[in-house]
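S.K.: Here you go, this is protein_22.cif (mmCIF, C-alpha atoms).
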```cif
data_input
#
loop_
_atom_site.group_PDB
_atom_site.id
_atom_site.type_symbol
_atom_site.label_atom_id
_atom_site.label_comp_id
_atom_site.auth_asym_id
_atom_site.auth_seq_id
_atom_site.Cartn_x
_atom_site.Cartn_y
_atom_site.Cartn_z
ATOM 1 C CA MET C 182 94.036 159.737 120.883
ATOM 2 C CA LYS C 183 95.582 159.085 124.298
ATOM 3 C CA LYS C 184 92.152 158.275 125.695
ATOM 4 C CA ALA C 185 91.525 155.762 122.898
ATOM 5 C CA LEU C 186 94.883 154.091 123.503
ATOM 6 C CA LYS C 187 94.180 153.909 127.232
ATOM 7 C CA ILE C 188 90.797 152.268 126.606
ATOM 8 C CA THR C 189 92.377 149.811 124.146
ATOM 9 C CA GLY C 190 95.062 148.962 126.670
ATOM 10 C CA LYS C 191 92.482 148.273 129.364
ATOM 11 C CA ILE C 192 90.524 146.029 127.009
ATOM 12 C CA LEU C 193 93.648 144.060 126.089
ATOM 13 C CA LEU C 194 94.645 143.770 129.736
ATOM 14 C CA GLY C 195 91.154 142.515 130.592
ATOM 15 C CA ILE C 196 91.355 139.911 127.826
ATOM 16 C CA LEU C 197 94.753 138.729 129.094
ATOM 17 C CA ILE C 198 93.474 138.467 132.662
ATOM 18 C CA ILE C 199 90.466 136.433 131.512
ATOM 19 C CA PHE C 200 92.704 134.208 129.377
ATOM 20 C CA PHE C 201 95.174 133.436 132.160
ATOM 21 C CA ALA C 202 92.340 132.952 134.645
ATOM 22 C CA PHE C 203 90.816 130.427 132.252
ATOM 23 C CA ILE C 204 94.165 128.617 131.892
ATOM 24 C CA LEU C 205 94.485 128.489 135.691
ATOM 25 C CA VAL C 206 90.964 127.082 136.078
ATOM 26 C CA MET C 207 91.635 124.408 133.443
ATOM 27 C CA PHE C 208 94.959 123.532 135.081
ATOM 28 C CA ILE C 209 93.305 123.048 138.481
ATOM 29 C CA TYR C 210 90.427 121.076 136.943
ATOM 30 C CA HIS C 211 92.943 118.907 135.090
ATOM 31 C CA ARG C 212 94.798 118.052 138.311
ATOM 32 C CA ILE C 213 91.508 117.135 140.007
ATOM 33 C CA MET C 214 90.602 114.853 137.091
ATOM 34 C CA LEU C 215 94.042 113.202 137.098
ATOM 35 C CA HIS C 216 93.498 112.231 140.727
ATOM 36 C CA LYS C 217 89.984 111.000 139.952
ATOM 37 C CA GLU C 218 91.189 108.934 136.967
ATOM 38 C CA LYS C 219 94.125 107.332 138.768
ATOM 39 C CA PRO C 220 92.194 104.195 139.909
ATOM 40 C CA LEU C 221 91.418 103.390 136.253
ATOM 41 C CA LEU C 222 95.121 102.725 135.646
ATOM 42 C CA GLU C 223 95.820 100.622 138.716
ATOM 43 C CA SER C 224 94.741 97.405 136.935
ATOM 44 C CA PRO C 225 96.706 97.222 133.650
ATOM 45 C CA LEU C 226 95.026 95.582 130.672
ATOM 46 C CA GLY C 227 98.207 93.675 129.839
ATOM 47 C CA GLN C 228 100.837 91.674 131.698
ATOM 48 C CA MET C 229 103.548 93.818 133.276
ATOM 49 C CA VAL C 230 107.114 92.547 132.850
ATOM 50 C CA GLU C 231 110.387 94.041 134.082
ATOM 51 C CA VAL C 232 112.782 95.350 131.436
ATOM 52 C CA ASP C 233 115.831 97.454 132.330
ATOM 53 C CA GLY C 234 114.400 97.994 135.802
ATOM 54 C CA HIS C 235 111.058 99.359 134.566
ATOM 55 C CA ASN C 236 107.594 97.951 133.850
ATOM 56 C CA MET C 237 106.544 97.189 130.298
ATOM 57 C CA SER C 238 103.052 96.082 129.268
ATOM 58 C CA ILE C 239 102.472 93.091 126.983
ATOM 59 C CA TYR C 240 98.893 92.089 126.190
ATOM 60 C CA THR C 241 98.061 88.618 124.865
ATOM 61 C CA GLU C 242 94.852 87.149 123.536
ATOM 62 C CA GLY C 243 93.959 83.915 121.737
ATOM 63 C CA GLU C 244 95.918 80.806 120.845
ATOM 64 C CA GLY C 245 97.137 79.272 117.614
ATOM 65 C CA GLU C 246 100.099 78.007 115.624
ATOM 66 C CA HIS C 247 100.986 81.531 114.452
ATOM 67 C CA THR C 248 101.808 84.444 116.758
ATOM 68 C CA LEU C 249 100.935 87.944 115.564
ATOM 69 C CA ILE C 250 102.832 90.841 117.160
ATOM 70 C CA ILE C 251 100.908 94.119 117.021
ATOM 71 C CA MET C 252 103.407 96.998 116.864
ATOM 72 C CA SER C 253 102.108 100.490 117.508
ATOM 73 C CA GLY C 254 102.443 103.558 115.377
ATOM 74 C CA GLY C 255 104.262 106.530 116.878
ATOM 75 C CA GLY C 256 102.459 108.218 119.740
ATOM 76 C CA GLU C 257 99.498 105.828 120.022
ATOM 77 C CA VAL C 258 98.236 106.376 123.553
ATOM 78 C CA SER C 259 96.897 102.855 124.116
ATOM 79 C CA PRO C 260 98.076 100.206 121.637
ATOM 80 C CA ILE C 261 95.994 97.572 123.448
ATOM 81 C CA LEU C 262 92.777 99.492 122.840
ATOM 82 C CA GLY C 263 93.880 101.265 119.673
ATOM 83 C CA TYR C 264 94.310 98.108 117.587
ATOM 84 C CA SER C 265 91.589 95.959 119.182
ATOM 85 C CA SER C 266 89.230 96.473 116.250
ATOM 86 C CA LEU C 267 91.599 94.347 114.134
ATOM 87 C CA TYR C 268 93.176 91.783 116.440
ATOM 88 C CA SER C 269 89.837 90.878 118.054
ATOM 89 C CA LYS C 270 88.826 89.543 114.640
ATOM 90 C CA LEU C 271 91.891 87.268 114.505
ATOM 91 C CA SER C 272 92.359 85.956 118.051
ATOM 92 C CA ASP C 273 89.972 83.054 117.477
ATOM 93 C CA THR C 274 92.634 81.481 115.233
ATOM 94 C CA TYR C 275 95.970 83.061 116.139
ATOM 95 C CA LYS C 276 97.875 84.103 119.236
ATOM 96 C CA ILE C 277 97.956 87.875 119.516
ATOM 97 C CA ALA C 278 100.545 89.894 121.429
ATOM 98 C CA VAL C 279 100.382 93.692 121.654
ATOM 99 C CA ILE C 280 103.600 95.487 122.615
ATOM 100 C CA GLU C 281 103.301 98.695 124.611
ATOM 101 C CA LYS C 282 106.756 100.235 124.366
ATOM 102 C CA PHE C 283 108.070 102.457 127.132
ATOM 103 C CA GLY C 284 106.044 105.666 127.035
ATOM 104 C CA TYR C 285 103.009 103.888 125.583
ATOM 105 C CA GLY C 286 99.863 102.580 127.241
ATOM 106 C CA PHE C 287 100.440 101.130 130.697
ATOM 107 C CA SER C 288 104.228 100.940 130.280
ATOM 108 C CA ASP C 289 106.494 103.276 132.248
ATOM 109 C CA VAL C 290 107.883 106.501 130.886
ATOM 110 C CA VAL C 291 111.654 106.076 131.256
ATOM 111 C CA ASP C 292 114.900 108.015 131.012
ATOM 112 C CA GLY C 293 117.504 107.339 128.345
ATOM 113 C CA LYS C 294 117.757 107.407 124.553
ATOM 114 C CA ARG C 295 114.926 105.851 122.558
ATOM 115 C CA ASP C 296 116.928 104.747 119.542
ATOM 116 C CA PHE C 297 115.446 101.888 117.532
ATOM 117 C CA ASP C 298 118.099 99.334 118.503
ATOM 118 C CA THR C 299 117.268 99.923 122.167
ATOM 119 C CA ILE C 300 113.532 99.731 121.494
ATOM 120 C CA LEU C 301 113.970 96.471 119.573
ATOM 121 C CA ARG C 302 116.076 94.910 122.329
ATOM 122 C CA GLN C 303 113.551 95.864 124.976
ATOM 123 C CA ASP C 304 110.560 94.660 122.966
ATOM 124 C CA ARG C 305 112.166 91.267 122.329
ATOM 125 C CA GLU C 306 113.052 90.889 125.997
ATOM 126 C CA ALA C 307 109.538 91.864 127.101
ATOM 127 C CA LEU C 308 107.930 89.299 124.794
ATOM 128 C CA HIS C 309 110.257 86.584 126.068
ATOM 129 C CA LYS C 310 109.495 87.429 129.704
ATOM 130 C CA ALA C 311 105.775 87.418 128.913
ATOM 131 C CA GLY C 312 106.117 83.892 127.519
ATOM 132 C CA VAL C 313 105.533 84.923 123.904
ATOM 133 C CA GLU C 314 108.103 82.990 121.899
ATOM 134 C CA ALA C 315 109.241 83.329 118.280
ATOM 135 C CA PRO C 316 108.741 82.907 115.399
ATOM 136 C CA TYR C 317 106.509 85.943 114.968
ATOM 137 C CA ILE C 318 104.391 87.522 112.283
ATOM 138 C CA LEU C 319 105.219 91.183 112.856
ATOM 139 C CA CYS C 320 102.253 93.521 112.303
ATOM 140 C CA PRO C 321 103.597 97.093 112.463
ATOM 141 C CA HIS C 322 101.555 100.238 111.997
ATOM 142 C CA SER C 323 103.142 103.446 110.755
ATOM 143 C CA MET C 324 106.529 104.284 112.340
ATOM 144 C CA SER C 325 107.015 100.810 113.844
ATOM 145 C CA GLY C 326 107.524 99.524 110.298
ATOM 146 C CA ILE C 327 111.123 100.726 110.655
ATOM 147 C CA GLU C 328 111.569 98.622 113.799
ATOM 148 C CA ALA C 329 109.976 95.588 112.099
ATOM 149 C CA ILE C 330 112.396 95.781 109.171
ATOM 150 C CA LEU C 331 115.353 96.039 111.564
ATOM 151 C CA TRP C 332 113.969 93.060 113.496
ATOM 152 C CA ALA C 333 113.770 90.912 110.369
ATOM 153 C CA GLN C 334 117.281 91.980 109.300
ATOM 154 C CA LYS C 335 118.945 91.291 112.644
ATOM 155 C CA TYR C 336 116.975 88.269 113.838
ATOM 156 C CA PRO C 337 115.615 86.521 110.722
ATOM 157 C CA ASP C 338 114.942 83.279 112.618
ATOM 158 C CA GLU C 339 112.436 85.159 114.796
ATOM 159 C CA VAL C 340 110.396 86.636 111.942
ATOM 160 C CA GLU C 341 108.053 84.367 110.023
ATOM 161 C CA ALA C 342 106.480 87.202 108.033
ATOM 162 C CA ILE C 343 105.659 90.904 108.074
ATOM 163 C CA VAL C 344 102.162 92.328 107.710
ATOM 164 C CA GLY C 345 102.446 96.092 107.316
ATOM 165 C CA LEU C 346 99.426 98.081 108.500
ATOM 166 C CA ASP C 347 100.247 101.171 106.436
ATOM 167 C CA MET C 348 103.733 100.919 107.866
ATOM 168 C CA SER C 349 106.665 103.253 107.341
ATOM 169 C CA THR C 350 109.370 102.107 104.954
ATOM 170 C CA PRO C 351 112.880 103.546 104.442
ATOM 171 C CA LYS C 352 111.811 105.855 101.618
ATOM 172 C CA SER C 353 108.621 107.049 103.339
ATOM 173 C CA PHE C 354 110.310 110.145 104.721
ATOM 174 C CA THR C 355 111.583 113.170 102.818
ATOM 175 C CA GLU C 356 114.942 114.711 103.671
ATOM 176 C CA GLU C 357 113.077 117.616 105.287
ATOM 177 C CA GLU C 358 111.146 115.251 107.555
ATOM 178 C CA LEU C 359 114.274 113.372 108.578
ATOM 179 C CA SER C 360 116.091 116.597 109.423
ATOM 180 C CA ASP C 361 113.115 117.909 111.441
ATOM 181 C CA ASP C 362 113.298 116.773 115.075
ATOM 182 C CA GLY C 363 109.500 116.984 115.390
ATOM 183 C CA LYS C 364 109.728 118.881 118.680
ATOM 184 C CA THR C 365 107.454 121.776 117.685
ATOM 185 C CA PRO C 366 104.186 119.800 117.359
ATOM 186 C CA ILE C 367 105.091 117.565 120.297
ATOM 187 C CA ALA C 368 105.716 120.657 122.437
ATOM 188 C CA LEU C 369 102.239 121.892 121.507
ATOM 189 C CA TYR C 370 100.670 118.535 122.377
ATOM 190 C CA THR C 371 102.554 118.506 125.682
ATOM 191 C CA PHE C 372 101.207 121.959 126.511
ATOM 192 C CA LEU C 373 97.652 120.854 125.734
ATOM 193 C CA ARG C 374 98.104 117.825 127.991
ATOM 194 C CA GLU C 375 99.807 119.559 130.912
ATOM 195 C CA SER C 376 97.543 122.615 130.893
ATOM 196 C CA GLY C 377 94.370 120.571 130.703
ATOM 197 C CA LEU C 378 93.217 122.368 127.560
ATOM 198 C CA GLY C 379 93.252 119.036 125.741
ATOM 199 C CA ARG C 380 90.208 118.048 127.768
ATOM 200 C CA LEU C 381 88.209 120.567 125.752
ATOM 201 C CA VAL C 382 89.113 118.699 122.564
ATOM 202 C CA LEU C 383 88.907 115.047 123.608
ATOM 203 C CA THR C 384 85.398 114.011 124.595
ATOM 204 C CA ASP C 385 83.646 110.631 124.596
ATOM 205 C CA SER C 386 82.550 111.240 121.005
ATOM 206 C CA THR C 387 86.229 111.354 119.962
ATOM 207 C CA TYR C 388 86.722 107.641 120.582
ATOM 208 C CA PRO C 389 85.593 104.751 118.350
ATOM 209 C CA ASP C 390 82.005 103.562 118.750
ATOM 210 C CA HIS C 391 83.143 100.009 119.551
ATOM 211 C CA TYR C 392 84.776 101.152 122.816
ATOM 212 C CA ASP C 393 82.538 100.641 125.825
ATOM 213 C CA GLN C 394 82.401 103.420 128.434
ATOM 214 C CA HIS C 395 85.059 101.810 130.622
ATOM 215 C CA GLU C 396 87.453 101.574 127.670
ATOM 216 C CA LYS C 397 86.804 105.219 126.785
ATOM 217 C CA ASP C 398 87.550 106.219 130.365
ATOM 218 C CA ILE C 399 90.825 104.244 130.345
ATOM 219 C CA TYR C 400 91.893 105.714 127.012
ATOM 220 C CA LYS C 401 91.102 109.205 128.262
ATOM 221 C CA ALA C 402 93.039 108.647 131.506
ATOM 222 C CA LEU C 403 96.071 107.391 129.560
ATOM 223 C CA THR C 404 95.855 110.300 127.129
ATOM 224 C CA PHE C 405 96.072 112.940 129.826
ATOM 225 C CA ARG C 406 99.049 111.205 131.453
ATOM 226 C CA LYS C 407 101.051 109.849 128.532
ATOM 227 C CA PHE C 408 100.295 111.675 125.290
ATOM 228 C CA ALA C 409 103.369 113.305 123.711
ATOM 229 C CA ASN C 410 105.693 112.332 126.557
ATOM 230 C CA LYS C 411 109.497 112.511 126.445
ATOM 231 C CA ASN C 412 109.929 108.917 125.215
ATOM 232 C CA ILE C 413 107.752 109.557 122.175
ATOM 233 C CA GLU C 414 109.515 112.860 121.520
ATOM 234 C CA ASP C 415 112.959 111.226 121.598
ATOM 235 C CA GLU C 416 111.870 108.271 119.449
ATOM 236 C CA VAL C 417 111.208 110.555 116.485
ATOM 237 C CA THR C 418 114.756 111.936 116.525
ATOM 238 C CA HIS C 419 116.254 108.487 115.819
ATOM 239 C CA ILE C 420 114.337 107.603 112.650
ATOM 240 C CA SER C 421 117.136 108.783 110.353
ATOM 241 C CA ASP C 422 119.762 106.647 112.129
ATOM 242 C CA ALA C 423 117.511 103.589 111.939
ATOM 243 C CA ILE C 424 116.912 104.101 108.225
ATOM 244 C CA ASN C 425 120.657 104.395 107.600
ATOM 245 C CA GLU C 426 121.164 101.137 109.467
ATOM 246 C CA ILE C 427 118.465 99.425 107.394
ATOM 247 C CA ASN C 428 119.929 100.696 104.144
ATOM 248 C CA SER C 429 123.366 99.322 105.063
ATOM 249 C CA ALA C 430 122.072 95.736 104.762
ATOM 250 C CA PRO C 431 119.921 93.800 102.262
ATOM 251 C CA LYS C 432 116.126 93.888 102.592
ATOM 252 C CA PRO C 433 114.869 91.069 104.813
ATOM 253 C CA ASP C 434 113.318 88.747 102.252
ATOM 254 C CA VAL C 435 110.502 87.323 104.356
ATOM 255 C CA PRO C 436 106.896 86.826 103.185
ATOM 256 C CA THR C 437 105.404 90.305 103.282
ATOM 257 C CA LEU C 438 101.859 91.650 103.051
ATOM 258 C CA LEU C 439 101.576 95.440 102.932
ATOM 259 C CA PHE C 440 98.306 97.281 103.441
ATOM 260 C CA LEU C 441 98.515 100.774 101.964
ATOM 261 C CA SER C 442 96.337 103.803 102.734
ATOM 262 C CA ASP C 443 95.456 106.514 100.221
ATOM 263 C CA GLY C 444 98.463 108.488 101.488
ATOM 264 C CA GLU C 445 96.510 111.669 102.205
ATOM 265 C CA GLN C 446 97.347 111.670 105.928
ATOM 266 C CA THR C 447 100.975 110.665 105.469
ATOM 267 C CA GLY C 448 103.231 111.677 102.590
ATOM 268 C CA GLY C 449 100.929 111.512 99.599
ATOM 269 C CA GLN C 450 102.498 109.963 96.524
ATOM 270 C CA ILE C 451 105.882 109.729 98.266
ATOM 271 C CA TRP C 452 104.330 107.382 100.862
ATOM 272 C CA ILE C 453 102.613 105.271 98.194
ATOM 273 C CA ASP C 454 105.697 105.014 95.970
ATOM 274 C CA ALA C 455 107.872 104.116 98.980
ATOM 275 C CA MET C 456 105.615 101.198 99.867
ATOM 276 C CA HIS C 457 105.766 99.789 96.345
ATOM 277 C CA ASP C 458 109.517 100.393 96.215
ATOM 278 C CA TYR C 459 109.975 98.368 99.399
ATOM 279 C CA ALA C 460 107.934 95.471 97.983
ATOM 280 C CA ASP C 461 109.942 95.443 94.750
ATOM 281 C CA GLY C 462 112.663 92.833 94.766
ATOM 282 C CA LEU C 463 111.163 90.743 97.564
ATOM 283 C CA THR C 464 110.503 87.129 96.667
ATOM 284 C CA ASP C 465 107.049 87.002 98.266
ATOM 285 C CA ALA C 466 105.445 90.421 98.679
ATOM 286 C CA GLN C 467 101.977 91.781 98.052
ATOM 287 C CA VAL C 468 100.640 95.328 98.344
ATOM 288 C CA ILE C 469 96.923 95.834 98.959
ATOM 289 C CA GLU C 470 95.781 99.401 98.383
ATOM 290 C CA LEU C 471 92.975 100.553 100.654
ATOM 291 C CA ASN C 472 90.862 103.583 99.874
ATOM 292 C CA CYS C 473 91.051 104.955 103.406
ATOM 293 C CA GLY C 474 93.084 107.016 105.841
ATOM 294 C CA HIS C 475 96.230 106.129 107.751
ATOM 295 C CA ILE C 476 94.524 104.353 110.679
ATOM 296 C CA VAL C 477 93.668 101.402 108.459
ATOM 297 C CA THR C 478 92.881 99.091 111.376
ATOM 298 C CA GLU C 479 89.946 101.315 112.347
ATOM 299 C CA GLU C 480 88.689 102.026 108.846
ATOM 300 C CA LYS C 481 89.068 98.615 107.186
ATOM 301 C CA PRO C 482 89.392 95.945 109.931
ATOM 302 C CA ASP C 483 87.188 93.335 108.231
ATOM 303 C CA GLU C 484 88.946 93.625 104.888
ATOM 304 C CA ILE C 485 92.376 93.502 106.528
ATOM 305 C CA ALA C 486 91.507 90.532 108.750
ATOM 306 C CA ALA C 487 90.193 88.514 105.781
ATOM 307 C CA ALA C 488 93.316 89.221 103.700
ATOM 308 C CA MET C 489 95.581 88.395 106.645
ATOM 309 C CA ARG C 490 93.906 85.020 107.116
ATOM 310 C CA GLU C 491 94.427 84.171 103.459
ATOM 311 C CA PHE C 492 98.058 85.328 103.613
ATOM 312 C CA ILE C 493 98.826 83.341 106.778
ATOM 313 C CA GLU C 494 97.155 80.225 105.394
ATOM 314 C CA GLY C 495 99.534 80.535 102.459
ATOM 315 C CA LEU C 496 102.514 80.367 104.816
ATOM 316 C CA ASP C 497 101.533 76.817 105.715
ATOM 317 C CA ARG C 498 101.395 75.535 102.145
#
```
Re-express the file's structure as structure tokens.
M.R.:
Amino acid sequence: MKKALKITGKILLGILIIFFAFILVMFIYHRIMLHKEKPLLESPLGQMVEVDGHNMSIYTEGEGEHTLIIMSGGGEVSPILGYSSLYSKLSDTYKIAVIEKFGYGFSDVVDGKRDFDTILRQDREALHKAGVEAPYILCPHSMSGIEAILWAQKYPDEVEAIVGLDMSTPKSFTEEELSDDGKTPIALYTFLRESGLGRLVLTDSTYPDHYDQHEKDIYKALTFRKFANKNIEDEVTHISDAINEINSAPKPDVPTLLFLSDGEQTGGQIWIDAMHDYADGLTDAQVIELNCGHIVTEEKPDEIAAAMREFIEGLDR
């Protein structure tokens, strides 16, 4: 019996040594790759503007009478690349501006609270410094729907309309989700990034086919520097406060077009019902249900672009 236990112990010890040796090798490889990838990030895709003493990235494309503001979902590594499949289909007619909040894309990772009032103030200032003036058609994906609603409540003269790209609404979250600080999954993602193990998961085949090799390399370089950073982690903890602030004032009754996923990757029927609930009572609101996942801009860009054109044309009538 003792001999069997001794053999088992040696086997387990050997497995642990191999495991930690593998982690060490991946960590060293990761640091080598970070150095190799650094030149890819020295020429930002967007314009860098100074906000609160730090650099924020604003990307613009196209010209037109209407200005569409692309607002990223929570944790999107590169909003400029991540939403290009949609806005590239619209920039022939409209001015496009993509906001990369602090912690996103080429923008700095900063210290300080990431409450939604602070994020909104910084985003508005960055757009102004980049020469992108209101009024705007806000186009939020996922969590940035909360910021867009706050924006329309607080600064109605700046918001011409809202186009929700499967955006969050005040009733999208359950009480359990609002009370969960979200740190457990983010801690896991941070470990995968810092250890280098994430490089085993993210390969060129992970990225959309419409990215060229240079874009894939940039996205990969940003992922292994920015994914699940402290700004994104802190942002999640302030959703409940932002929703309470929204609920303390009337809904912003601006023309609204809401694209809705099948809910399977979000909150199921709760997500779907919340979207319809938000549209109810608005003077000019339309919900378009899409039979696809949460990243609607990747799965249905042509359908969304066509409906957006029709909606925006209606604003001019």
S.K.: Could you tell me how far atom CA of C:Gly312 lies from atom CA of C:Leu249, in Å and to one decimal?
M.R.: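 Distance between the two atoms: 13.6 Å.
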S.K.: Report, in Å with one decimal, the straight-line distance from atom CA of C:Gly326 to atom CA of C:Asp338.
M.R.: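 Calculated distance between atom CA of C:Gly326 and atom CA of C:Asp338 is 18.0 Å.
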S.K.: Evaluate the PyMOL selection byres ((chain C and resi 231) around 12) on the structure here and hand back the selected residues as a CSV table (one decimal) with C-alpha atoms, in the frame of the given file.
M.R.:
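Listing of out.csv after writing:
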```csv
chain,number,residue,atom,x,y,z
C,228,GLN,CA,100.8,91.7,131.7
C,229,MET,CA,103.5,93.8,133.3
C,230,VAL,CA,107.1,92.5,132.8
C,232,VAL,CA,112.8,95.4,131.4
C,233,ASP,CA,115.8,97.5,132.3
C,234,GLY,CA,114.4,98.0,135.8
C,235,HIS,CA,111.1,99.4,134.6
C,236,ASN,CA,107.6,98.0,133.8
C,237,MET,CA,106.5,97.2,130.3
C,238,SER,CA,103.1,96.1,129.3
C,239,ILE,CA,102.5,93.1,127.0
C,283,PHE,CA,108.1,102.5,127.1
C,288,SER,CA,104.2,100.9,130.3
C,289,ASP,CA,106.5,103.3,132.2
C,303,GLN,CA,113.6,95.9,125.0
C,304,ASP,CA,110.6,94.7,123.0
C,306,GLU,CA,113.1,90.9,126.0
C,307,ALA,CA,109.5,91.9,127.1
C,308,LEU,CA,107.9,89.3,124.8
C,309,HIS,CA,110.3,86.6,126.1
C,310,LYS,CA,109.5,87.4,129.7
C,311,ALA,CA,105.8,87.4,128.9
```
S.K.: Given the file shown, determine the residues that the PyMOL selection byres ((chain C and resi 335) around 12) selects; report them as a list in words.
M.R.: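 Here the PyMOL selection byres ((chain C and resi 335) around 12) matches Asp298, Leu301, Arg302, Arg305, Glu328, Ala329, Ile330, Leu331, Trp332, Ala333, Gln334, Tyr336, Pro337, Asp338, Glu339, Val340, Glu426, Ile427, Ser429, Ala430, Pro431, Lys432 and Pro433 of chain C.
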S.K.: To test your reading of the syntax: which residues would the PyMOL selection byres ((chain C and resi 214) around 12) return for the file shown? Reply as an MDAnalysis selection string.
M.R.: chainID C and resid 207:213 215:221 377 380 398 401:403 405:406
S.K.: Please produce a file of those selected residues containing C-alpha atoms, as an mmCIF file, in the coordinates of the input.
M.R.:
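What follows is the written file selection_31.cif:
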```cif
data_model
loop_
_atom_site.group_PDB
_atom_site.id
_atom_site.type_symbol
_atom_site.label_atom_id
_atom_site.label_comp_id
_atom_site.auth_asym_id
_atom_site.auth_seq_id
_atom_site.Cartn_x
_atom_site.Cartn_y
_atom_site.Cartn_z
ATOM 1 C CA MET C 207 91.635 124.408 133.443
ATOM 2 C CA PHE C 208 94.959 123.532 135.081
ATOM 3 C CA ILE C 209 93.305 123.048 138.481
ATOM 4 C CA TYR C 210 90.427 121.076 136.943
ATOM 5 C CA HIS C 211 92.943 118.907 135.090
ATOM 6 C CA ARG C 212 94.798 118.052 138.311
ATOM 7 C CA ILE C 213 91.508 117.135 140.007
ATOM 8 C CA LEU C 215 94.042 113.202 137.098
ATOM 9 C CA HIS C 216 93.498 112.231 140.727
ATOM 10 C CA LYS C 217 89.984 111.000 139.952
ATOM 11 C CA GLU C 218 91.189 108.934 136.967
ATOM 12 C CA LYS C 219 94.125 107.332 138.768
ATOM 13 C CA PRO C 220 92.194 104.195 139.909
ATOM 14 C CA LEU C 221 91.418 103.390 136.253
ATOM 15 C CA GLY C 377 94.370 120.571 130.703
ATOM 16 C CA ARG C 380 90.208 118.048 127.768
ATOM 17 C CA ASP C 398 87.550 106.219 130.365
ATOM 18 C CA LYS C 401 91.102 109.205 128.262
ATOM 19 C CA ALA C 402 93.039 108.647 131.506
ATOM 20 C CA LEU C 403 96.071 107.391 129.560
ATOM 21 C CA PHE C 405 96.072 112.940 129.826
ATOM 22 C CA ARG C 406 99.049 111.205 131.453
#
```
